[in-house]
Structure formats: structure tokens, C-alpha cells
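What follows is query_20.txt (compact mmCIF, C-alpha atoms and all ligand atoms).
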```txt
# COMPACT_ATOMS: atom_id res chain seq x y z
CA MET A 1 -7.92 -3.28 4.92
CA LYS A 2 -5.62 -1.31 2.67
CA LEU A 3 -2.03 -2.34 2.07
CA SER A 4 0.78 0.16 1.80
CA PHE A 5 4.47 0.02 0.91
CA ASN A 6 7.12 2.04 2.74
CA GLN A 7 9.87 3.33 0.43
CA THR A 8 12.72 1.41 2.03
CA HIS A 9 14.62 0.12 -1.00
CA LYS A 10 17.96 1.88 -0.75
CA TYR A 11 18.54 2.29 -4.47
CA SER A 12 15.09 2.80 -5.96
CA SER A 13 13.67 6.20 -6.78
CA LEU A 14 10.26 7.59 -5.92
CA GLU A 15 9.41 7.31 -9.59
CA GLU A 16 10.16 3.57 -9.63
CA ASP A 17 8.39 2.94 -6.33
CA LEU A 18 5.25 4.69 -7.57
CA LYS A 19 5.27 2.71 -10.80
CA TYR A 20 5.72 -0.73 -9.23
CA CYS A 21 3.43 -0.12 -6.25
CA GLU A 22 0.66 0.79 -8.68
CA GLU A 23 1.50 -2.14 -10.94
CA TYR A 24 1.56 -4.77 -8.19
CA GLY A 25 -1.56 -3.57 -6.47
CA PHE A 26 -0.55 -1.71 -3.33
CA ASP A 27 -3.30 0.69 -2.29
CA GLU A 28 -1.03 3.25 -0.66
CA ILE A 29 2.60 4.28 -0.29
CA GLU A 30 4.64 5.87 2.49
CA LEU A 31 6.94 8.50 1.04
CA ARG A 32 10.36 9.17 2.53
CA LEU A 33 11.82 12.63 2.96
CA ASN A 34 15.16 11.90 1.21
CA LYS A 35 13.39 10.26 -1.75
CA ILE A 36 11.02 13.21 -2.13
CA LYS A 37 13.95 15.64 -2.11
CA GLU A 38 15.74 13.51 -4.70
CA TYR A 39 12.61 13.36 -6.87
CA LEU A 40 12.19 17.13 -6.78
CA LYS A 41 15.65 17.64 -8.29
CA ASN A 42 14.26 16.74 -11.70
CA HIS A 43 10.49 16.77 -11.22
CA THR A 44 7.98 19.28 -9.99
CA ILE A 45 5.59 18.78 -7.11
CA GLU A 46 2.79 19.21 -9.64
CA GLU A 47 3.94 16.02 -11.36
CA LEU A 48 3.59 14.14 -8.08
CA VAL A 49 0.14 15.65 -7.52
CA MET A 50 -0.81 14.61 -11.05
CA PHE A 51 0.40 11.05 -10.43
CA PHE A 52 -1.84 10.59 -7.41
CA ASP A 53 -4.76 12.28 -9.20
CA THR A 54 -4.58 9.86 -12.08
CA HIS A 55 -3.69 6.56 -10.35
CA ARG A 56 -5.28 4.17 -7.90
CA LEU A 57 -2.25 4.40 -5.58
CA LYS A 58 -2.55 7.04 -2.84
CA PRO A 59 -0.12 8.39 -0.23
CA TYR A 60 -0.43 6.94 3.30
CA ALA A 61 2.18 8.78 5.39
CA LEU A 62 5.36 10.83 5.18
CA ASN A 63 8.59 9.51 6.78
CA SER A 64 9.99 10.96 8.93
CA LEU A 65 11.14 13.52 11.47
CA GLU A 66 13.89 11.78 13.44
CA ASN A 67 15.72 12.33 16.71
CA VAL A 68 13.17 14.96 17.70
CA THR A 69 13.74 14.95 21.48
CA PHE A 70 16.66 16.32 23.54
CA CYS A 71 17.83 18.40 20.55
CA ASP A 72 19.95 21.51 20.48
CA ASP A 73 18.56 24.64 18.80
CA ILE A 74 20.15 23.99 15.43
CA GLN A 75 18.92 20.39 15.26
CA TYR A 76 15.45 21.44 16.34
CA GLN A 77 15.25 24.18 13.73
CA GLN A 78 16.05 21.59 11.04
CA ILE A 79 13.20 19.41 12.35
CA LYS A 80 10.79 22.33 12.20
CA ASP A 81 11.94 23.17 8.67
CA ASP A 82 11.42 19.55 7.62
CA LEU A 83 7.98 19.56 9.24
CA ASN A 84 7.13 22.65 7.26
CA PHE A 85 8.42 21.08 4.05
CA LEU A 86 6.53 17.81 4.60
CA GLY A 87 3.40 19.75 5.56
CA GLU A 88 3.48 21.66 2.29
CA ILE A 89 4.05 18.49 0.27
CA GLY A 90 1.38 16.64 2.24
CA ASN A 91 -1.24 19.29 1.64
CA LYS A 92 -0.58 19.25 -2.07
CA ILE A 93 -0.73 15.46 -2.48
CA GLY A 94 -3.47 14.87 0.11
CA CYS A 95 -1.41 13.14 2.80
CA HIS A 96 -1.84 14.40 6.35
CA THR A 97 0.28 12.09 8.52
CA ILE A 98 3.97 12.47 9.39
CA VAL A 99 5.98 9.80 11.23
CA VAL A 100 8.02 11.19 14.12
CA VAL A 101 10.85 9.28 15.83
CA PRO A 102 12.29 9.87 19.33
CA SER A 103 16.03 10.33 19.97
CA PHE A 104 18.68 7.70 20.75
CA ASN A 105 21.52 7.60 23.32
CA VAL A 106 20.17 10.56 25.24
CA GLY A 107 22.04 9.74 28.44
CA ASP A 108 20.86 9.30 32.03
CA TYR A 109 17.23 10.35 31.80
CA THR A 110 14.50 8.51 33.66
CA ILE A 111 11.34 7.25 31.99
CA ASN A 112 9.45 10.16 33.53
CA GLN A 113 11.97 12.75 32.30
CA ILE A 114 11.81 11.24 28.81
CA LYS A 115 8.04 11.36 28.99
CA MET A 116 8.06 15.06 29.91
CA GLU A 117 10.51 15.91 27.10
CA SER A 118 8.53 13.87 24.54
CA ILE A 119 5.29 15.57 25.58
CA ARG A 120 6.88 19.02 25.39
CA VAL A 121 8.34 18.44 21.92
CA LEU A 122 5.30 16.69 20.46
CA ASN A 123 3.01 19.45 21.71
CA ASP A 124 5.25 22.08 20.17
CA LEU A 125 5.46 20.26 16.84
CA ALA A 126 1.71 19.61 16.92
CA ASP A 127 1.05 23.36 17.29
CA GLN A 128 2.83 23.83 13.97
CA ALA A 129 1.42 20.66 12.36
CA GLU A 130 -2.20 21.55 13.17
CA LYS A 131 -1.87 24.92 11.45
CA MET A 132 -0.99 22.94 8.32
CA ASN A 133 -3.74 20.37 8.82
CA MET A 134 -1.17 17.66 9.54
CA ARG A 135 -0.98 15.04 12.29
CA LEU A 136 1.98 13.33 13.94
CA ALA A 137 2.54 9.60 14.44
CA PHE A 138 5.13 8.93 17.16
CA GLU A 139 7.09 5.72 16.57
CA PHE A 140 8.73 3.86 19.45
CA VAL A 141 11.84 1.96 18.34
CA GLY A 142 12.55 -1.40 19.99
CA ASP A 143 16.23 -0.69 20.46
CA PRO A 144 17.75 -0.40 23.97
CA ASP A 145 19.43 2.84 22.84
CA CYS A 146 16.16 4.55 21.88
CA SER A 147 14.64 6.82 24.51
CA VAL A 148 11.12 5.50 23.82
CA ASN A 149 11.33 1.80 23.07
CA THR A 150 8.19 -0.05 24.17
CA LEU A 151 4.53 0.21 23.29
CA GLN A 152 3.62 0.90 26.90
CA GLN A 153 6.07 3.80 27.21
CA CYS A 154 4.93 5.31 23.91
CA TYR A 155 1.21 4.96 24.56
CA ASP A 156 1.62 6.50 27.98
CA ILE A 157 3.04 9.63 26.29
CA ILE A 158 0.32 9.71 23.63
CA LYS A 159 -2.48 9.36 26.20
CA LYS A 160 -1.05 12.15 28.31
CA ILE A 161 -0.81 14.48 25.29
CA ASN A 162 -4.45 13.67 24.50
CA ARG A 163 -4.57 15.60 21.27
CA GLU A 164 -6.34 14.62 18.08
CA SER A 165 -3.31 15.47 15.98
CA VAL A 166 -0.92 13.21 17.91
CA GLY A 167 -1.01 9.41 17.73
CA MET A 168 1.46 6.59 17.33
CA VAL A 169 3.04 4.12 14.96
CA LEU A 170 2.83 0.43 15.74
CA ASP A 171 5.77 -1.29 14.04
CA PHE A 172 5.72 -5.07 14.46
CA PHE A 173 9.54 -5.26 14.50
CA HIS A 174 9.83 -2.68 17.25
CA PHE A 175 6.95 -4.25 19.17
CA HIS A 176 8.65 -7.65 19.08
CA SER A 177 12.29 -6.73 19.46
CA LEU A 178 12.12 -5.46 23.05
CA GLY A 179 9.22 -7.65 24.08
CA SER A 180 6.29 -5.22 24.21
CA HIS A 181 3.28 -7.05 25.63
CA ILE A 182 0.26 -8.08 23.63
CA GLU A 183 -1.88 -7.32 26.71
CA GLU A 184 -0.77 -3.68 26.39
CA LEU A 185 -1.86 -3.59 22.76
CA LYS A 186 -5.31 -4.82 23.81
CA LYS A 187 -5.70 -1.65 25.90
CA VAL A 188 -4.85 0.75 23.06
CA ASP A 189 -7.52 2.98 21.54
CA PRO A 190 -7.38 2.11 17.81
CA GLU A 191 -8.01 5.77 16.96
CA LYS A 192 -4.59 6.50 18.44
CA ILE A 193 -2.82 4.17 16.02
CA PHE A 194 -2.17 6.41 13.01
CA VAL A 195 0.26 4.11 11.19
CA VAL A 196 0.99 0.35 11.26
CA HIS A 197 4.29 -1.04 9.95
CA ILE A 198 4.38 -4.78 9.28
CA ASP A 199 7.56 -6.80 8.92
CA ASP A 200 9.18 -9.92 10.35
CA ALA A 201 12.52 -10.52 12.06
CA ASP A 202 15.49 -12.83 12.39
CA ASP A 203 15.25 -15.07 15.44
CA PHE A 204 17.75 -13.19 17.57
CA PRO A 205 17.56 -12.49 21.34
CA ARG A 206 15.98 -9.35 22.82
CA GLY A 207 18.30 -6.36 22.74
CA TYR A 208 20.52 -7.86 20.05
CA LEU A 209 17.62 -7.81 17.65
CA LYS A 210 17.44 -4.08 17.08
CA GLN A 211 18.84 -3.27 13.70
CA ASP A 212 16.74 -2.68 10.65
CA LYS A 213 18.90 -5.12 8.71
CA HIS A 214 17.37 -7.91 10.81
CA ARG A 215 13.96 -7.34 9.23
CA ARG A 216 12.44 -9.97 6.97
CA PHE A 217 9.44 -10.27 4.71
CA PRO A 218 6.24 -10.97 6.68
CA GLY A 219 5.94 -14.70 7.34
CA GLU A 220 9.66 -15.40 7.02
CA GLY A 221 10.79 -14.69 10.57
CA SER A 222 10.08 -15.20 14.24
CA ILE A 223 7.48 -12.51 15.04
CA ASN A 224 4.06 -13.82 16.02
CA LEU A 225 2.33 -11.80 13.29
CA ASP A 226 -0.96 -13.64 13.69
CA GLU A 227 -1.19 -12.66 17.34
CA ILE A 228 -0.54 -8.97 16.63
CA LEU A 229 -2.88 -8.87 13.61
CA SER A 230 -5.69 -10.65 15.43
CA THR A 231 -5.29 -8.23 18.33
CA LEU A 232 -5.46 -5.25 15.96
CA LYS A 233 -8.66 -6.72 14.59
CA GLN A 234 -10.02 -7.36 18.08
CA ILE A 235 -9.46 -3.76 19.22
CA GLY A 236 -11.13 -2.47 16.05
CA TYR A 237 -8.21 -1.13 14.06
CA GLU A 238 -9.40 -0.49 10.52
CA GLY A 239 -6.59 1.61 9.10
CA THR A 240 -3.93 0.73 6.56
CA ILE A 241 -1.12 -1.78 7.11
CA SER A 242 2.19 -0.79 5.57
CA VAL A 243 5.11 -3.12 4.90
CA GLU A 244 8.42 -1.63 6.01
CA LEU A 245 11.59 -3.60 5.27
CA PHE A 246 15.18 -2.58 5.55
CA ARG A 247 17.55 -5.43 4.77
CA ASP A 248 20.80 -5.17 2.81
CA GLU A 249 20.02 -8.42 1.04
CA TYR A 250 16.78 -7.02 -0.39
CA ASP A 251 18.51 -3.87 -1.59
CA ASN A 252 20.47 -6.06 -3.98
CA TRP A 253 17.21 -7.03 -5.66
CA GLY A 254 15.74 -4.72 -8.24
CA ALA A 255 12.94 -2.46 -7.03
CA GLU A 256 10.36 -4.33 -9.10
CA GLU A 257 11.15 -7.77 -7.66
CA PHE A 258 11.35 -6.33 -4.15
CA ILE A 259 7.98 -4.58 -4.36
CA ARG A 260 6.27 -7.52 -6.06
CA THR A 261 7.53 -9.94 -3.37
CA ALA A 262 6.67 -7.55 -0.53
CA LYS A 263 3.11 -7.30 -1.84
CA ILE A 264 2.60 -11.07 -2.11
CA LYS A 265 4.13 -11.88 1.30
CA THR A 266 2.27 -9.10 3.10
CA GLU A 267 -1.04 -9.93 1.53
CA ASN A 268 -0.71 -13.62 2.41
CA ILE A 269 -0.40 -12.78 6.10
CA VAL A 270 -2.77 -9.83 6.36
CA ARG A 271 -5.63 -11.38 4.41
CA LYS A 272 -5.97 -14.20 6.96
CA HIS A 273 -7.17 -11.61 9.44
CA PHE A 274 -8.54 -8.85 7.24
CA PRO A 275 -10.13 -10.34 4.11
CA SER A 276 -11.45 -6.96 3.10
CA LYS A 277 -13.01 -5.83 -0.15
CA ALA A 278 -9.91 -3.86 -1.06
CA ILE A 279 -7.86 -7.05 -0.99
CA LEU A 280 -10.54 -9.21 -2.64
CA ASN A 281 -10.94 -6.65 -5.42
CA ASN A 282 -7.32 -7.08 -6.36
CA ASP A 283 -8.06 -10.67 -7.27
CA GLY A 284 -10.72 -9.72 -9.72
ZN ZN A 301 8.53 1.54 11.32
```
For this file, produce the structure as C-alpha cells.
Ligand code: ZN
Amino acid sequence: MKLSFNQTHKYSSLEEDLKYCEEYGFDEIELRLNKIKEYLKNHTIEELVMFFDTHRLKPYALNSLENVTFCDDIQYQQIKDDLNFLGEIGNKIGCHTIVVVPSFNVGDYTINQIKMESIRVLNDLADQAEKMNMRLAFEFVGDPDCSVNTLQQCYDIIKKINRESVGMVLDFFHFHSLGSHIEELKKVDPEKIFVVHIDDADDFPRGYLKQDKHRRFPGEGSINLDEILSTLKQIGYEGTISVELFRDEYDNWGAEEFIRTAKIKTENIVRKHFPSKAILNNDG
């Protein structure tokens, strides 16, 4: 089981994140669109390619295309431009997965209408993504304001699309925050889980617990991580697990301390369920 870090530290650069993820033993990294754009202001893409060619650390996924459903033409064109940009970057660095997020506060649409719109948009984006050898990971967000906010609703969309290039993200925070059911996770085809985000959460009630700032290091909150991890193991998930933390408090730490702590805390939890060679090798 490989461990990845999602570039969520507000003030760190891609350069710093690469350095410390390599140093503290992450296997992979999820790159974020704004950090890539920032990096390219004073680096070339060839430098990034060279980094991955000469280090153990590899890219896991690219984050993210957001608010992709119920868009107007201008918003949608920006999404397609970003998809094109991330596709070009991904092909150069050898990363073929892009995280895609549904829209918020869309108004009075029923679950079925949201499903139809999500299917329409994901199919259209997948037409473009496939030409670039990219695949899309749709991430439900456990916030009452998000149009797709439970595992069941998201997986229903993914199954209906039934396309090799379209899968989903399972984020522990979003799974927990609106009470997605573990029984639903047991029914998921592991091949349809393209990305896993691990994190923990403050012990707040459903619906209130929705903001990224309520995330905590794995093992320091109220999410039943063991239940989700053991279920992932049971259904045969063998992909990477990526720690994704947004919390103002952590942004006050330096990037090095943040990444080092994230690695230790994530490994402690994940290794109980997935004591794989990749993790054991880090010890030796
Ligand atoms: Zn996530």
C-alpha cells in the first residue's frame, strides 16, 4: 500500500512539498493546479519531469477541476481549458488521474436531475480526457450544500456512466461528515475507486461538520478510520492512500514539520490494515 501526500499546506510551494515528501518517505504526491501554475512561473515543466525521473517520489493525481456541473458557458470553458492543461502536465510527468468535484448550491434540483447533469458533464469531460490518456475521479463532498454529497449518490452516477476512464474519490472526511454508510462501501467495485483521501475530523454533528478546517491528522479525530480501512481491504482495494488535510492551525506550521507529522500519523493508522512491502521497506 503506497502512501501519498496531497499538497494542502497553504503556504508551501511545490518545490518544498516535493523535497519533504521525498525526504520523509511518501511514495507519491497529489499535485494541485494552483501550486503547479505557481511553480511554472520560475521553473520549466522539464524540471518537474526531471525531478520525478530522478527521485523515488512519484505523482499520484492532479487536483482538481471544481464546480463542474450546472455551469454557464464561460465557467465550463475554463474547466475544459484546465483539463487540457492538467492533461498536458500529466502526460509529461506520468500522472493520468484528475480529481473532479461537483458543484455547490445549485438550487432546487432533485437527486435524479443532479444525476443526469453529472452524467452528461462527466461523459463530455471524459471524451476529452480519454483523447489525452487521462481518467477522471469524481469526488463527492459531505457538505449539505454540495450537489453530490454521499457515497451512494456518487457511486450511482459512476455505475451509470460505466466507463473505464471515470471513477470516484473516497475521502474519509466526506464519507463521515454526512453519514455515508459502510454497507454501501462494501458494495463498491474497488476498480472504481481511483483515489482515496485519508484524514480525520473534529467531533461535530452531521451537517455542521462540513468545512475543510475541521480536518485533523489521521488518528486524532472522531472518524472510525479502522472500519473504513478494513472495509477497503475487504473489498480488495489495493491502490494508494493519500493524506489530505486542510486546517488553518497546520498552515501555521512549516511545511517540513507538517509533512513529517502527516507521514507518521498516516502510516501509524494505515499500516495496521495494510502492512505492505512499500511501508516495511521504509523502515529498512
Ligand atoms: Zn478529498
Next item on the list: Could you tell me, counting all atoms listed in the file, which protein and nucleic acid residues lie no more than 9 Å from ligand ZN 301 (chain A), written as a PyMOL selection string?
Entry: chain A and resi 6+99+139-141+169-174+195-199+242-245
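Rounded to one decimal, CA of Arg215 in chain A and CA of Leu151 in chain A lie 18.5 Å from each other.
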Margin query: With 6 Å as the threshold, what does the neighbourhood of (1.3, -0.7, -2.6) contain in terms of residues, counting only C-alpha atoms? Coordinates are those of the file; answer as a PyMOL selection string.
Written below: chain A and resi 3-5+21+25-29
Any chance you could export the current selection's C-alpha atoms as a PDB file, in the coordinates of the input?
```pdb
ATOM      1  CA  LEU A   3      -2.030  -2.340   2.070  1.00  0.00           C
ATOM      2  CA  SER A   4       0.780   0.160   1.800  1.00  0.00           C
ATOM      3  CA  PHE A   5       4.470   0.020   0.910  1.00  0.00           C
ATOM      4  CA  CYS A  21       3.430  -0.120  -6.250  1.00  0.00           C
ATOM      5  CA  GLY A  25      -1.560  -3.570  -6.470  1.00  0.00           C
ATOM      6  CA  PHE A  26      -0.550  -1.710  -3.330  1.00  0.00           C
ATOM      7  CA  ASP A  27      -3.300   0.690  -2.290  1.00  0.00           C
ATOM      8  CA  GLU A  28      -1.030   3.250  -0.660  1.00  0.00           C
ATOM      9  CA  ILE A  29       2.600   4.280  -0.290  1.00  0.00           C
TER      10      ILE A  29
END
```
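Nearest residue to Gln78 in chain A, choosing from A:Thr266, A:Glu220, A:Leu65, A:Leu178 and counting all atoms listed in the file: A:Leu65.
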Next item on the list: For range 108-122 of chain A, please output as a ChimeraX atom specification all residues within 9 Å (counting only C-alpha atoms; exclusion window: fewer than 2 positions along the same chain).
Entry: /A:68-70,100,102,105-106,124-127,136,138,147-148,153-154,156-158,160-161,166
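Of the listed residues A:Met132, A:Leu14, A:Val270, A:Ala255, the one whose atoms come nearest to Leu48 in chain A is A:Leu14, with distances taken using all atoms listed in the file.
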Margin query: Between CA of Trp253 in chain A and CA of Leu33 in chain A, what distance in Å does the model show, to one decimal?
Written below: 22.1 Å
Note to self: I'd like the contact shell of Glu238 in chain A - 12 Å cut-off, all atoms listed in the file, skipping same-chain residues fewer than 2 positions apart - returned as a list of chain:residue names.
What the structure shows: A:Met1, A:Lys2, A:Leu3, A:Asp189, A:Pro190, A:Glu191, A:Lys192, A:Ile193, A:Phe194, A:Val195, A:Val196, A:Leu229, A:Ser230, A:Thr231, A:Leu232, A:Lys233, A:Gln234, A:Ile235, A:Gly236, A:Thr240, A:Ile241, A:His273, A:Phe274, A:Pro275, A:Ser276
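Comparing the minimum interatomic distances between Phe52 in chain A and each of A:Cys95, A:Ile223, A:Ala129, A:Cys146, counting all atoms listed in the file, we find that A:Cys95 sits nearest.
Minimum atom-to-atom distance to Glu164 in chain A, evaluated using all atoms listed in the file, belongs to A:Ala137 out of A:Leu225, A:Ala137, A:Ile45, A:Ile74.
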